[in-house]
Structures are given as structure tokens and as C-alpha cells.
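Shown here: input-v1.txt, compact mmCIF, N, CA, C and O atoms.
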```txt
# COMPACT_ATOMS: atom_id res chain seq x y z
N MET A 28 53.99 8.77 117.14
CA MET A 28 52.70 9.33 116.73
C MET A 28 52.06 10.02 117.93
O MET A 28 51.89 9.42 118.98
N ALA A 29 51.72 11.27 117.77
CA ALA A 29 51.03 12.01 118.82
C ALA A 29 49.55 11.63 118.82
O ALA A 29 49.01 11.22 117.80
N THR A 30 48.92 11.75 119.97
CA THR A 30 47.49 11.44 120.08
C THR A 30 46.81 12.46 120.96
O THR A 30 47.44 13.17 121.73
N PHE A 31 45.50 12.51 120.82
CA PHE A 31 44.69 13.32 121.70
C PHE A 31 44.21 12.44 122.85
O PHE A 31 44.07 11.23 122.69
N GLU A 32 43.93 13.04 123.97
CA GLU A 32 43.43 12.29 125.12
C GLU A 32 41.91 12.37 125.22
O GLU A 32 41.34 12.12 126.27
N LEU A 33 41.25 12.69 124.11
CA LEU A 33 39.80 12.87 124.11
C LEU A 33 39.05 11.59 124.46
O LEU A 33 38.01 11.63 125.11
N TYR A 34 39.55 10.47 124.02
CA TYR A 34 38.83 9.21 124.17
C TYR A 34 38.81 8.72 125.61
O TYR A 34 38.04 7.85 125.96
N ARG A 35 39.64 9.29 126.46
CA ARG A 35 39.64 8.92 127.88
C ARG A 35 38.36 9.37 128.57
O ARG A 35 38.01 8.85 129.61
N ARG A 36 37.67 10.34 128.00
CA ARG A 36 36.41 10.82 128.59
C ARG A 36 35.20 10.08 128.05
O ARG A 36 34.08 10.37 128.44
N SER A 37 35.43 9.11 127.17
CA SER A 37 34.34 8.26 126.69
C SER A 37 34.02 7.24 127.77
O SER A 37 34.75 7.09 128.76
N THR A 38 32.93 6.52 127.60
CA THR A 38 32.53 5.53 128.60
C THR A 38 33.61 4.47 128.79
O THR A 38 33.98 4.15 129.93
N ILE A 39 34.14 3.95 127.71
CA ILE A 39 35.16 2.91 127.82
C ILE A 39 36.45 3.48 128.41
O ILE A 39 37.14 2.83 129.20
N GLY A 40 36.78 4.73 128.08
CA GLY A 40 37.97 5.36 128.64
C GLY A 40 37.84 5.60 130.13
O GLY A 40 38.80 5.41 130.89
N MET A 41 36.65 6.03 130.58
CA MET A 41 36.42 6.25 132.01
C MET A 41 36.50 4.93 132.78
O MET A 41 37.09 4.87 133.87
N CYS A 42 35.94 3.86 132.21
CA CYS A 42 36.00 2.55 132.86
C CYS A 42 37.44 2.06 132.95
O CYS A 42 37.85 1.51 133.98
N LEU A 43 38.21 2.26 131.89
CA LEU A 43 39.61 1.87 131.91
C LEU A 43 40.37 2.65 132.97
O LEU A 43 41.14 2.07 133.76
N THR A 44 40.14 3.95 133.04
CA THR A 44 40.83 4.79 134.02
C THR A 44 40.48 4.37 135.45
O THR A 44 41.36 4.27 136.31
N GLU A 45 39.20 4.11 135.70
CA GLU A 45 38.78 3.67 137.04
C GLU A 45 39.42 2.33 137.41
O GLU A 45 39.87 2.14 138.54
N THR A 46 39.47 1.41 136.46
CA THR A 46 40.07 0.11 136.71
C THR A 46 41.56 0.24 136.98
O THR A 46 42.09 -0.39 137.91
N LEU A 47 42.25 1.06 136.19
CA LEU A 47 43.68 1.27 136.41
C LEU A 47 43.94 1.93 137.76
O LEU A 47 44.88 1.55 138.47
N ASP A 48 43.10 2.90 138.14
CA ASP A 48 43.24 3.55 139.45
C ASP A 48 43.09 2.53 140.57
O ASP A 48 43.86 2.54 141.55
N GLU A 49 42.12 1.64 140.43
CA GLU A 49 41.89 0.60 141.45
C GLU A 49 43.08 -0.35 141.52
O GLU A 49 43.52 -0.72 142.62
N MET A 50 43.62 -0.72 140.37
CA MET A 50 44.77 -1.63 140.34
C MET A 50 46.01 -0.98 140.94
O MET A 50 46.79 -1.63 141.63
N VAL A 51 46.19 0.32 140.70
CA VAL A 51 47.32 1.04 141.30
C VAL A 51 47.13 1.14 142.81
O VAL A 51 48.07 0.93 143.59
N SER A 52 45.91 1.40 143.26
CA SER A 52 45.62 1.50 144.69
C SER A 52 45.87 0.18 145.41
O SER A 52 46.36 0.16 146.54
N ASN A 53 45.54 -0.93 144.75
CA ASN A 53 45.74 -2.25 145.34
C ASN A 53 47.18 -2.73 145.25
O ASN A 53 47.52 -3.76 145.82
N GLY A 54 48.00 -2.02 144.51
CA GLY A 54 49.39 -2.43 144.34
C GLY A 54 49.58 -3.48 143.26
O GLY A 54 50.66 -4.04 143.11
N THR A 55 48.52 -3.77 142.51
CA THR A 55 48.60 -4.76 141.43
C THR A 55 49.38 -4.23 140.24
O THR A 55 50.01 -5.00 139.52
N LEU A 56 49.36 -2.92 140.07
CA LEU A 56 49.95 -2.28 138.90
C LEU A 56 50.73 -1.06 139.36
O LEU A 56 50.31 -0.35 140.27
N SER A 57 51.87 -0.81 138.72
CA SER A 57 52.63 0.40 139.07
C SER A 57 52.01 1.61 138.35
O SER A 57 51.41 1.46 137.28
N PRO A 58 52.16 2.79 138.92
CA PRO A 58 51.62 3.99 138.27
C PRO A 58 52.21 4.22 136.88
O PRO A 58 51.51 4.67 135.98
N GLU A 59 53.48 3.90 136.70
CA GLU A 59 54.13 4.07 135.41
C GLU A 59 53.50 3.18 134.35
O GLU A 59 53.26 3.61 133.21
N LEU A 60 53.21 1.94 134.73
CA LEU A 60 52.58 1.02 133.78
C LEU A 60 51.15 1.45 133.46
O LEU A 60 50.70 1.34 132.32
N ALA A 61 50.43 1.99 134.44
CA ALA A 61 49.08 2.48 134.22
C ALA A 61 49.10 3.63 133.21
O ALA A 61 48.24 3.70 132.32
N ILE A 62 50.09 4.50 133.30
CA ILE A 62 50.21 5.61 132.34
C ILE A 62 50.51 5.07 130.95
O ILE A 62 49.94 5.54 129.96
N GLN A 63 51.36 4.06 130.87
CA GLN A 63 51.67 3.45 129.57
C GLN A 63 50.42 2.84 128.94
O GLN A 63 50.22 2.91 127.73
N VAL A 64 49.58 2.23 129.77
CA VAL A 64 48.33 1.63 129.27
C VAL A 64 47.42 2.73 128.71
O VAL A 64 46.83 2.57 127.63
N LEU A 65 47.31 3.86 129.39
CA LEU A 65 46.47 4.96 128.91
C LEU A 65 47.02 5.55 127.61
O LEU A 65 46.24 5.87 126.70
N VAL A 66 48.32 5.67 127.50
CA VAL A 66 48.92 6.19 126.26
C VAL A 66 48.64 5.22 125.11
O VAL A 66 48.29 5.64 124.00
N GLN A 67 48.76 3.92 125.38
CA GLN A 67 48.47 2.93 124.34
C GLN A 67 46.99 2.96 123.96
O GLN A 67 46.63 2.79 122.80
N PHE A 68 46.12 3.17 124.95
CA PHE A 68 44.68 3.30 124.68
C PHE A 68 44.42 4.46 123.72
O PHE A 68 43.66 4.32 122.76
N ASP A 69 45.05 5.62 123.98
CA ASP A 69 44.90 6.78 123.10
C ASP A 69 45.32 6.45 121.67
O ASP A 69 44.61 6.76 120.71
N LYS A 70 46.49 5.80 121.53
CA LYS A 70 46.99 5.44 120.20
C LYS A 70 46.06 4.44 119.52
O LYS A 70 45.75 4.58 118.33
N SER A 71 45.60 3.44 120.25
CA SER A 71 44.74 2.40 119.66
C SER A 71 43.39 2.96 119.23
O SER A 71 42.88 2.59 118.17
N MET A 72 42.81 3.84 120.02
CA MET A 72 41.52 4.44 119.65
C MET A 72 41.68 5.29 118.39
O MET A 72 40.85 5.22 117.48
N THR A 73 42.73 6.08 118.33
CA THR A 73 42.97 6.92 117.15
C THR A 73 43.14 6.05 115.91
O THR A 73 42.52 6.32 114.87
N GLU A 74 43.95 5.01 116.01
CA GLU A 74 44.19 4.13 114.87
C GLU A 74 42.91 3.39 114.45
O GLU A 74 42.60 3.29 113.27
N ALA A 75 42.15 2.89 115.43
CA ALA A 75 40.93 2.15 115.10
C ALA A 75 39.91 3.05 114.41
O ALA A 75 39.27 2.63 113.43
N LEU A 76 39.76 4.27 114.87
CA LEU A 76 38.79 5.17 114.25
C LEU A 76 39.23 5.58 112.84
O LEU A 76 38.40 5.79 111.96
N GLU A 77 40.54 5.67 112.62
CA GLU A 77 41.04 6.03 111.29
C GLU A 77 40.89 4.89 110.30
O GLU A 77 40.59 5.12 109.13
N THR A 78 41.10 3.66 110.74
CA THR A 78 41.19 2.55 109.80
C THR A 78 39.95 1.66 109.73
O THR A 78 39.70 1.05 108.70
N GLN A 79 39.18 1.57 110.80
CA GLN A 79 38.10 0.59 110.85
C GLN A 79 36.70 1.16 110.70
O GLN A 79 35.77 0.43 110.36
N VAL A 80 36.52 2.44 110.94
CA VAL A 80 35.19 3.04 110.84
C VAL A 80 35.00 3.57 109.43
O VAL A 80 35.73 4.44 108.97
N LYS A 81 34.00 3.03 108.74
CA LYS A 81 33.76 3.41 107.35
C LYS A 81 32.41 4.10 107.14
O LYS A 81 32.15 4.64 106.09
N SER A 82 31.53 4.09 108.13
CA SER A 82 30.21 4.66 107.95
C SER A 82 30.25 6.18 108.08
O SER A 82 31.13 6.75 108.71
N LYS A 83 29.27 6.82 107.48
CA LYS A 83 29.12 8.26 107.55
C LYS A 83 27.80 8.59 108.23
O LYS A 83 26.82 7.87 108.06
N VAL A 84 27.79 9.67 108.97
CA VAL A 84 26.61 10.08 109.72
C VAL A 84 26.32 11.54 109.40
O VAL A 84 27.23 12.36 109.31
N THR A 85 25.04 11.86 109.25
CA THR A 85 24.59 13.24 109.08
C THR A 85 23.97 13.68 110.40
O THR A 85 23.16 12.96 110.98
N ILE A 86 24.36 14.86 110.86
CA ILE A 86 23.85 15.38 112.14
C ILE A 86 23.12 16.68 111.86
O ILE A 86 23.66 17.58 111.21
N LYS A 87 21.90 16.78 112.36
CA LYS A 87 21.12 18.01 112.27
C LYS A 87 20.61 18.35 113.65
O LYS A 87 20.27 17.47 114.43
N GLY A 88 20.56 19.63 113.95
CA GLY A 88 20.05 20.06 115.23
C GLY A 88 20.22 21.56 115.40
O GLY A 88 20.77 22.25 114.53
N HIS A 89 19.77 22.06 116.53
CA HIS A 89 19.89 23.48 116.85
C HIS A 89 21.23 23.71 117.54
O HIS A 89 21.51 23.10 118.58
N LEU A 90 22.06 24.58 116.96
CA LEU A 90 23.37 24.88 117.55
C LEU A 90 23.17 25.79 118.75
O LEU A 90 22.79 26.95 118.61
N HIS A 91 23.39 25.24 119.93
CA HIS A 91 23.23 26.00 121.17
C HIS A 91 24.48 26.81 121.48
O HIS A 91 24.41 28.00 121.79
N THR A 92 25.66 26.17 121.41
CA THR A 92 26.92 26.81 121.76
C THR A 92 28.03 26.27 120.87
O THR A 92 28.02 25.09 120.53
N TYR A 93 28.98 27.11 120.52
CA TYR A 93 30.18 26.64 119.85
C TYR A 93 31.38 27.41 120.38
O TYR A 93 31.26 28.53 120.88
N ARG A 94 32.55 26.76 120.30
CA ARG A 94 33.76 27.36 120.84
C ARG A 94 34.95 26.82 120.06
O ARG A 94 35.00 25.66 119.68
N PHE A 95 35.95 27.67 119.82
CA PHE A 95 37.20 27.26 119.18
C PHE A 95 38.34 27.72 120.07
O PHE A 95 38.53 28.92 120.28
N CYS A 96 39.07 26.78 120.63
CA CYS A 96 40.17 27.11 121.54
C CYS A 96 41.27 26.08 121.37
O CYS A 96 41.01 24.88 121.39
N ASP A 97 42.49 26.53 121.20
CA ASP A 97 43.66 25.65 121.05
C ASP A 97 43.46 24.61 119.94
O ASP A 97 43.74 23.43 120.11
N ASN A 98 42.97 25.06 118.80
CA ASN A 98 42.73 24.20 117.64
C ASN A 98 41.72 23.08 117.89
O ASN A 98 41.76 22.04 117.26
N VAL A 99 40.82 23.29 118.84
CA VAL A 99 39.77 22.31 119.14
C VAL A 99 38.42 23.01 119.05
O VAL A 99 38.19 24.03 119.70
N TRP A 100 37.53 22.45 118.22
CA TRP A 100 36.17 22.95 118.11
C TRP A 100 35.29 22.16 119.07
O TRP A 100 35.38 20.94 119.16
N THR A 101 34.41 22.86 119.79
CA THR A 101 33.41 22.23 120.64
C THR A 101 32.04 22.78 120.23
O THR A 101 31.85 23.99 120.18
N PHE A 102 31.12 21.87 119.93
CA PHE A 102 29.76 22.24 119.55
C PHE A 102 28.79 21.57 120.50
O PHE A 102 28.95 20.39 120.82
N ILE A 103 27.78 22.30 120.94
CA ILE A 103 26.69 21.72 121.72
C ILE A 103 25.41 21.90 120.92
O ILE A 103 25.02 23.04 120.60
N LEU A 104 24.77 20.78 120.57
CA LEU A 104 23.55 20.79 119.78
C LEU A 104 22.38 20.35 120.65
O LEU A 104 22.52 19.46 121.48
N GLN A 105 21.24 20.97 120.43
CA GLN A 105 20.01 20.55 121.09
C GLN A 105 19.05 20.02 120.03
O GLN A 105 19.04 20.51 118.90
N GLY A 106 18.27 19.03 120.40
CA GLY A 106 17.32 18.43 119.47
C GLY A 106 18.02 17.83 118.26
O GLY A 106 17.56 17.97 117.14
N ALA A 107 19.14 17.18 118.50
CA ALA A 107 19.95 16.65 117.40
C ALA A 107 19.37 15.35 116.85
O ALA A 107 18.79 14.55 117.58
N THR A 108 19.54 15.16 115.55
CA THR A 108 19.15 13.93 114.87
C THR A 108 20.37 13.38 114.15
O THR A 108 20.98 14.07 113.34
N PHE A 109 20.75 12.16 114.49
CA PHE A 109 21.84 11.46 113.82
C PHE A 109 21.23 10.54 112.79
O PHE A 109 20.36 9.73 113.11
N LYS A 110 21.70 10.63 111.55
CA LYS A 110 21.12 9.81 110.50
C LYS A 110 22.25 9.10 109.75
O LYS A 110 23.16 9.73 109.25
N ASN A 111 22.17 7.76 109.72
CA ASN A 111 23.09 6.98 108.90
C ASN A 111 22.27 6.17 107.92
O ASN A 111 21.09 6.46 107.71
N GLU A 112 22.84 5.15 107.32
CA GLU A 112 22.10 4.39 106.31
C GLU A 112 20.94 3.59 106.89
O GLU A 112 20.03 3.22 106.17
N ASP A 113 20.93 3.32 108.19
CA ASP A 113 19.85 2.53 108.80
C ASP A 113 18.62 3.38 109.09
O ASP A 113 17.63 3.30 108.40
N SER A 114 18.68 4.17 110.14
CA SER A 114 17.52 4.98 110.52
C SER A 114 17.97 6.16 111.36
O SER A 114 19.03 6.13 111.98
N PRO A 115 17.16 7.22 111.42
CA PRO A 115 17.53 8.38 112.23
C PRO A 115 17.38 8.09 113.73
O PRO A 115 16.54 7.30 114.14
N GLU A 116 18.22 8.73 114.52
CA GLU A 116 18.19 8.59 115.98
C GLU A 116 18.11 9.98 116.59
O GLU A 116 18.96 10.83 116.34
N GLU A 117 17.07 10.21 117.38
CA GLU A 117 16.87 11.50 118.04
C GLU A 117 17.66 11.54 119.35
O GLU A 117 17.63 10.59 120.13
N VAL A 118 18.35 12.66 119.58
CA VAL A 118 19.11 12.87 120.81
C VAL A 118 18.75 14.25 121.33
O VAL A 118 18.75 15.22 120.58
N GLY A 119 18.46 14.36 122.61
CA GLY A 119 18.07 15.64 123.19
C GLY A 119 19.17 16.67 123.14
O GLY A 119 18.98 17.79 122.68
N ARG A 120 20.35 16.30 123.60
CA ARG A 120 21.47 17.23 123.65
C ARG A 120 22.75 16.44 123.40
O ARG A 120 22.93 15.36 123.94
N VAL A 121 23.65 17.01 122.60
CA VAL A 121 24.89 16.31 122.28
C VAL A 121 26.04 17.31 122.26
O VAL A 121 25.87 18.46 121.86
N LYS A 122 27.21 16.85 122.73
CA LYS A 122 28.42 17.66 122.69
C LYS A 122 29.37 17.01 121.70
O LYS A 122 29.67 15.82 121.81
N ILE A 123 29.84 17.78 120.74
CA ILE A 123 30.77 17.28 119.73
C ILE A 123 32.09 18.02 119.91
O ILE A 123 32.12 19.26 119.93
N VAL A 124 33.17 17.27 120.04
CA VAL A 124 34.51 17.84 120.14
C VAL A 124 35.28 17.40 118.91
O VAL A 124 35.38 16.20 118.63
N ALA A 125 35.79 18.35 118.15
CA ALA A 125 36.50 18.05 116.91
C ALA A 125 37.90 18.67 116.93
O ALA A 125 38.06 19.85 117.25
N CYS A 126 38.88 17.84 116.60
CA CYS A 126 40.28 18.29 116.57
C CYS A 126 40.84 18.11 115.18
O CYS A 126 40.42 17.22 114.45
N ASP A 127 41.80 18.92 114.81
CA ASP A 127 42.45 18.85 113.52
C ASP A 127 43.37 17.63 113.49
O ASP A 127 44.34 17.56 114.25
N SER A 128 43.09 16.66 112.63
CA SER A 128 43.90 15.45 112.59
C SER A 128 45.31 15.72 112.09
O SER A 128 46.21 14.93 112.34
N LYS A 129 45.53 16.84 111.42
CA LYS A 129 46.88 17.18 110.97
C LYS A 129 47.81 17.41 112.15
O LYS A 129 49.02 17.26 112.04
N LEU A 130 47.25 17.78 113.29
CA LEU A 130 48.06 18.00 114.48
C LEU A 130 48.66 16.71 115.01
O LEU A 130 49.66 16.73 115.72
N LEU A 131 48.07 15.57 114.66
CA LEU A 131 48.58 14.28 115.12
C LEU A 131 49.88 13.90 114.43
O LEU A 131 50.66 13.13 114.97
N THR A 132 50.14 14.42 113.25
CA THR A 132 51.33 14.04 112.50
C THR A 132 52.51 14.95 112.77
O THR A 132 53.58 14.74 112.25
N GLN A 133 52.33 15.96 113.58
CA GLN A 133 53.42 16.89 113.86
C GLN A 133 54.36 16.32 114.90
O GLN A 133 54.04 15.56 115.72
```

Now, as a test, write the supplied structure out as C-alpha cells.
Amino acid sequence: MATFELYRRSTIGMCLTETLDEMVSNGTLSPELAIQVLVQFDKSMTEALETQVKSKVTIKGHLHTYRFCDNVWTFILQGATFKNEDSPEEVGRVKIVACDSKLLTQ
């Protein structure tokens, strides 16, 4: 199964990468094993988001910038409001990266 490496730039992905870098620097972990951990992280995040997330969110805001490159859409919204079944959440600026999930099955 192919995966995107998008989730590595999330907070949890950055923390994992920093921890793996530190472990490789200390000699606790080999670089090859650290790469395997990152690949497994990519697969696990993709699978978890596909199977475990059931909520839907509505996003409204002012579209500041959009871009389509290499089958990846990037949107930057200003004054965005995220609304789910609980309550709306105001966000000043948000970046949304969207990839075609059909590319994962190729």
C-alpha cells in the first residue's frame, strides 16, 4: 500500500521525527530502522483516518490562495470557521492539503 508523507509535518509526526533523529544520533537506533518506523507511521495514519474517523466538518472562510501541483491541492483560508456537530471553532488562518486517495491504491 502506497502512502503520502503528509502526516510527518503534523505535530505528532514532527515529534516522532525529532525523537527518531535523537535516537539515531545517540546510536540507540539504526537509520534503517528509523526509516522503517516513519514508513509504518505513514501507513498507520492513513489507515486510522480511513477507518476510525467518522465525523464530518464544514469549513467556511475567505480563500486567500489555492494551488494544484502533482495531483495535490493546497488551499490557504483566512478567517476560517470549522463547524461540526458540537460547536463552531474560529481559526485565523488555515492551510489545507488534499490528495487524491485513488493514488494510494496504484

### Message
From a backbone DSSP assignment, name each residue in chain A labelled strand (DSSP E), as a PyMOL selection string.
### Response
chain A and resi 85-96+99-110+115-126

### Message
Residues near Gly88 (chain A), anyone? I mean within 12 Å using only C-alpha atoms, not counting same-chain ones fewer than 4 positions away, as a list in words.
### Response
Thr92, Phe102, Ile103, Leu104, Gln105, Gly106, Ala107, Thr108, Phe109, Lys110, Glu116, Glu117, Val118, Gly119, Arg120, Val121, Lys122 and Ile123 of chain A

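Across the structure, CA of Ser71 (chain A) and CA of Thr38 (chain A) are spaced 15.5 Å apart.
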
### Task
For each of A:Glu77, A:Asp97, A:Asp69, A:Glu112, take the minimum atom-to-atom distance to Phe31 (chain A), counting all atoms listed in the file, then give the residue where this is smallest.
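The closest residue to Phe31 (chain A) is A:Asp69.
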
### Task
Between atom O of Leu60 (chain A) and CA of Leu47 (chain A), measure the distance and give it in Å to one decimal.
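We find that atom O of Leu60 (chain A) and CA of Leu47 (chain A) lie 8.1 Å from each other.
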
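Residue nearest Val99 (chain A) within the list A:Asp113, A:Met41, A:Lys83, A:Asp127: A:Asp127 [criterion: smallest interatomic distance, all atoms listed in the file].
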
### Task
Could you please determine the separation between CA of Asn111 (chain A) and CA of Cys42 (chain A) in Å, to one decimal place?
27.6 Å

### Task
Give the answer as one residue: which of A:Glu59, A:Asp48, A:Ile39, A:Pro115 has the shortest atom-to-atom distance to Thr85 (chain A), using all atoms listed in the file?
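Smallest separation from Thr85 (chain A) among the options: A:Pro115.
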
### Task
Would you mind writing down, as a PyMOL selection string, each residue of region 32-109 of chain A that DSSP on the backbone assigns to alpha helix (DSSP H)?
chain A and resi 38-53+58-78

Output for the residues just chosen: N, CA, C and O atoms as a compact mmCIF listing (two decimals), in the coordinates of the input:
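So again.txt came out as:
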```
# COMPACT_ATOMS: atom_id res chain seq x y z
N THR A 38 32.93 6.52 127.60
CA THR A 38 32.53 5.53 128.60
C THR A 38 33.61 4.47 128.79
O THR A 38 33.98 4.15 129.93
N ILE A 39 34.14 3.95 127.71
CA ILE A 39 35.16 2.91 127.82
C ILE A 39 36.45 3.48 128.41
O ILE A 39 37.14 2.83 129.20
N GLY A 40 36.78 4.73 128.08
CA GLY A 40 37.97 5.36 128.64
C GLY A 40 37.84 5.60 130.13
O GLY A 40 38.80 5.41 130.89
N MET A 41 36.65 6.03 130.58
CA MET A 41 36.42 6.25 132.01
C MET A 41 36.50 4.93 132.78
O MET A 41 37.09 4.87 133.87
N CYS A 42 35.94 3.86 132.21
CA CYS A 42 36.00 2.55 132.86
C CYS A 42 37.44 2.06 132.95
O CYS A 42 37.85 1.51 133.98
N LEU A 43 38.21 2.26 131.89
CA LEU A 43 39.61 1.87 131.91
C LEU A 43 40.37 2.65 132.97
O LEU A 43 41.14 2.07 133.76
N THR A 44 40.14 3.95 133.04
CA THR A 44 40.83 4.79 134.02
C THR A 44 40.48 4.37 135.45
O THR A 44 41.36 4.27 136.31
N GLU A 45 39.20 4.11 135.70
CA GLU A 45 38.78 3.67 137.04
C GLU A 45 39.42 2.33 137.41
O GLU A 45 39.87 2.14 138.54
N THR A 46 39.47 1.41 136.46
CA THR A 46 40.07 0.11 136.71
C THR A 46 41.56 0.24 136.98
O THR A 46 42.09 -0.39 137.91
N LEU A 47 42.25 1.06 136.19
CA LEU A 47 43.68 1.27 136.41
C LEU A 47 43.94 1.93 137.76
O LEU A 47 44.88 1.55 138.47
N ASP A 48 43.10 2.90 138.14
CA ASP A 48 43.24 3.55 139.45
C ASP A 48 43.09 2.53 140.57
O ASP A 48 43.86 2.54 141.55
N GLU A 49 42.12 1.64 140.43
CA GLU A 49 41.89 0.60 141.45
C GLU A 49 43.08 -0.35 141.52
O GLU A 49 43.52 -0.72 142.62
N MET A 50 43.62 -0.72 140.37
CA MET A 50 44.77 -1.63 140.34
C MET A 50 46.01 -0.98 140.94
O MET A 50 46.79 -1.63 141.63
N VAL A 51 46.19 0.32 140.70
CA VAL A 51 47.32 1.04 141.30
C VAL A 51 47.13 1.14 142.81
O VAL A 51 48.07 0.93 143.59
N SER A 52 45.91 1.40 143.26
CA SER A 52 45.62 1.50 144.69
C SER A 52 45.87 0.18 145.41
O SER A 52 46.36 0.16 146.54
N ASN A 53 45.54 -0.93 144.75
CA ASN A 53 45.74 -2.25 145.34
C ASN A 53 47.18 -2.73 145.25
O ASN A 53 47.52 -3.76 145.82
N PRO A 58 52.16 2.79 138.92
CA PRO A 58 51.62 3.99 138.27
C PRO A 58 52.21 4.22 136.88
O PRO A 58 51.51 4.67 135.98
N GLU A 59 53.48 3.90 136.70
CA GLU A 59 54.13 4.07 135.41
C GLU A 59 53.50 3.18 134.35
O GLU A 59 53.26 3.61 133.21
N LEU A 60 53.21 1.94 134.73
CA LEU A 60 52.58 1.02 133.78
C LEU A 60 51.15 1.45 133.46
O LEU A 60 50.70 1.34 132.32
N ALA A 61 50.43 1.99 134.44
CA ALA A 61 49.08 2.48 134.22
C ALA A 61 49.10 3.63 133.21
O ALA A 61 48.24 3.70 132.32
N ILE A 62 50.09 4.50 133.30
CA ILE A 62 50.21 5.61 132.34
C ILE A 62 50.51 5.07 130.95
O ILE A 62 49.94 5.54 129.96
N GLN A 63 51.36 4.06 130.87
CA GLN A 63 51.67 3.45 129.57
C GLN A 63 50.42 2.84 128.94
O GLN A 63 50.22 2.91 127.73
N VAL A 64 49.58 2.23 129.77
CA VAL A 64 48.33 1.63 129.27
C VAL A 64 47.42 2.73 128.71
O VAL A 64 46.83 2.57 127.63
N LEU A 65 47.31 3.86 129.39
CA LEU A 65 46.47 4.96 128.91
C LEU A 65 47.02 5.55 127.61
O LEU A 65 46.24 5.87 126.70
N VAL A 66 48.32 5.67 127.50
CA VAL A 66 48.92 6.19 126.26
C VAL A 66 48.64 5.22 125.11
O VAL A 66 48.29 5.64 124.00
N GLN A 67 48.76 3.92 125.38
CA GLN A 67 48.47 2.93 124.34
C GLN A 67 46.99 2.96 123.96
O GLN A 67 46.63 2.79 122.80
N PHE A 68 46.12 3.17 124.95
CA PHE A 68 44.68 3.30 124.68
C PHE A 68 44.42 4.46 123.72
O PHE A 68 43.66 4.32 122.76
N ASP A 69 45.05 5.62 123.98
CA ASP A 69 44.90 6.78 123.10
C ASP A 69 45.32 6.45 121.67
O ASP A 69 44.61 6.76 120.71
N LYS A 70 46.49 5.80 121.53
CA LYS A 70 46.99 5.44 120.20
C LYS A 70 46.06 4.44 119.52
O LYS A 70 45.75 4.58 118.33
N SER A 71 45.60 3.44 120.25
CA SER A 71 44.74 2.40 119.66
C SER A 71 43.39 2.96 119.23
O SER A 71 42.88 2.59 118.17
N MET A 72 42.81 3.84 120.02
CA MET A 72 41.52 4.44 119.65
C MET A 72 41.68 5.29 118.39
O MET A 72 40.85 5.22 117.48
N THR A 73 42.73 6.08 118.33
CA THR A 73 42.97 6.92 117.15
C THR A 73 43.14 6.05 115.91
O THR A 73 42.52 6.32 114.87
N GLU A 74 43.95 5.01 116.01
CA GLU A 74 44.19 4.13 114.87
C GLU A 74 42.91 3.39 114.45
O GLU A 74 42.60 3.29 113.27
N ALA A 75 42.15 2.89 115.43
CA ALA A 75 40.93 2.15 115.10
C ALA A 75 39.91 3.05 114.41
O ALA A 75 39.27 2.63 113.43
N LEU A 76 39.76 4.27 114.87
CA LEU A 76 38.79 5.17 114.25
C LEU A 76 39.23 5.58 112.84
O LEU A 76 38.40 5.79 111.96
N GLU A 77 40.54 5.67 112.62
CA GLU A 77 41.04 6.03 111.29
C GLU A 77 40.89 4.89 110.30
O GLU A 77 40.59 5.12 109.13
N THR A 78 41.10 3.66 110.74
CA THR A 78 41.19 2.55 109.80
C THR A 78 39.95 1.66 109.73
O THR A 78 39.70 1.05 108.70
```

#### Entry: Option closest in space to Phe68 (chain A), from A:Asn53, A:Ser37, A:Ser114, A:Ser128 [counting only C-alpha atoms]
A:Ser37
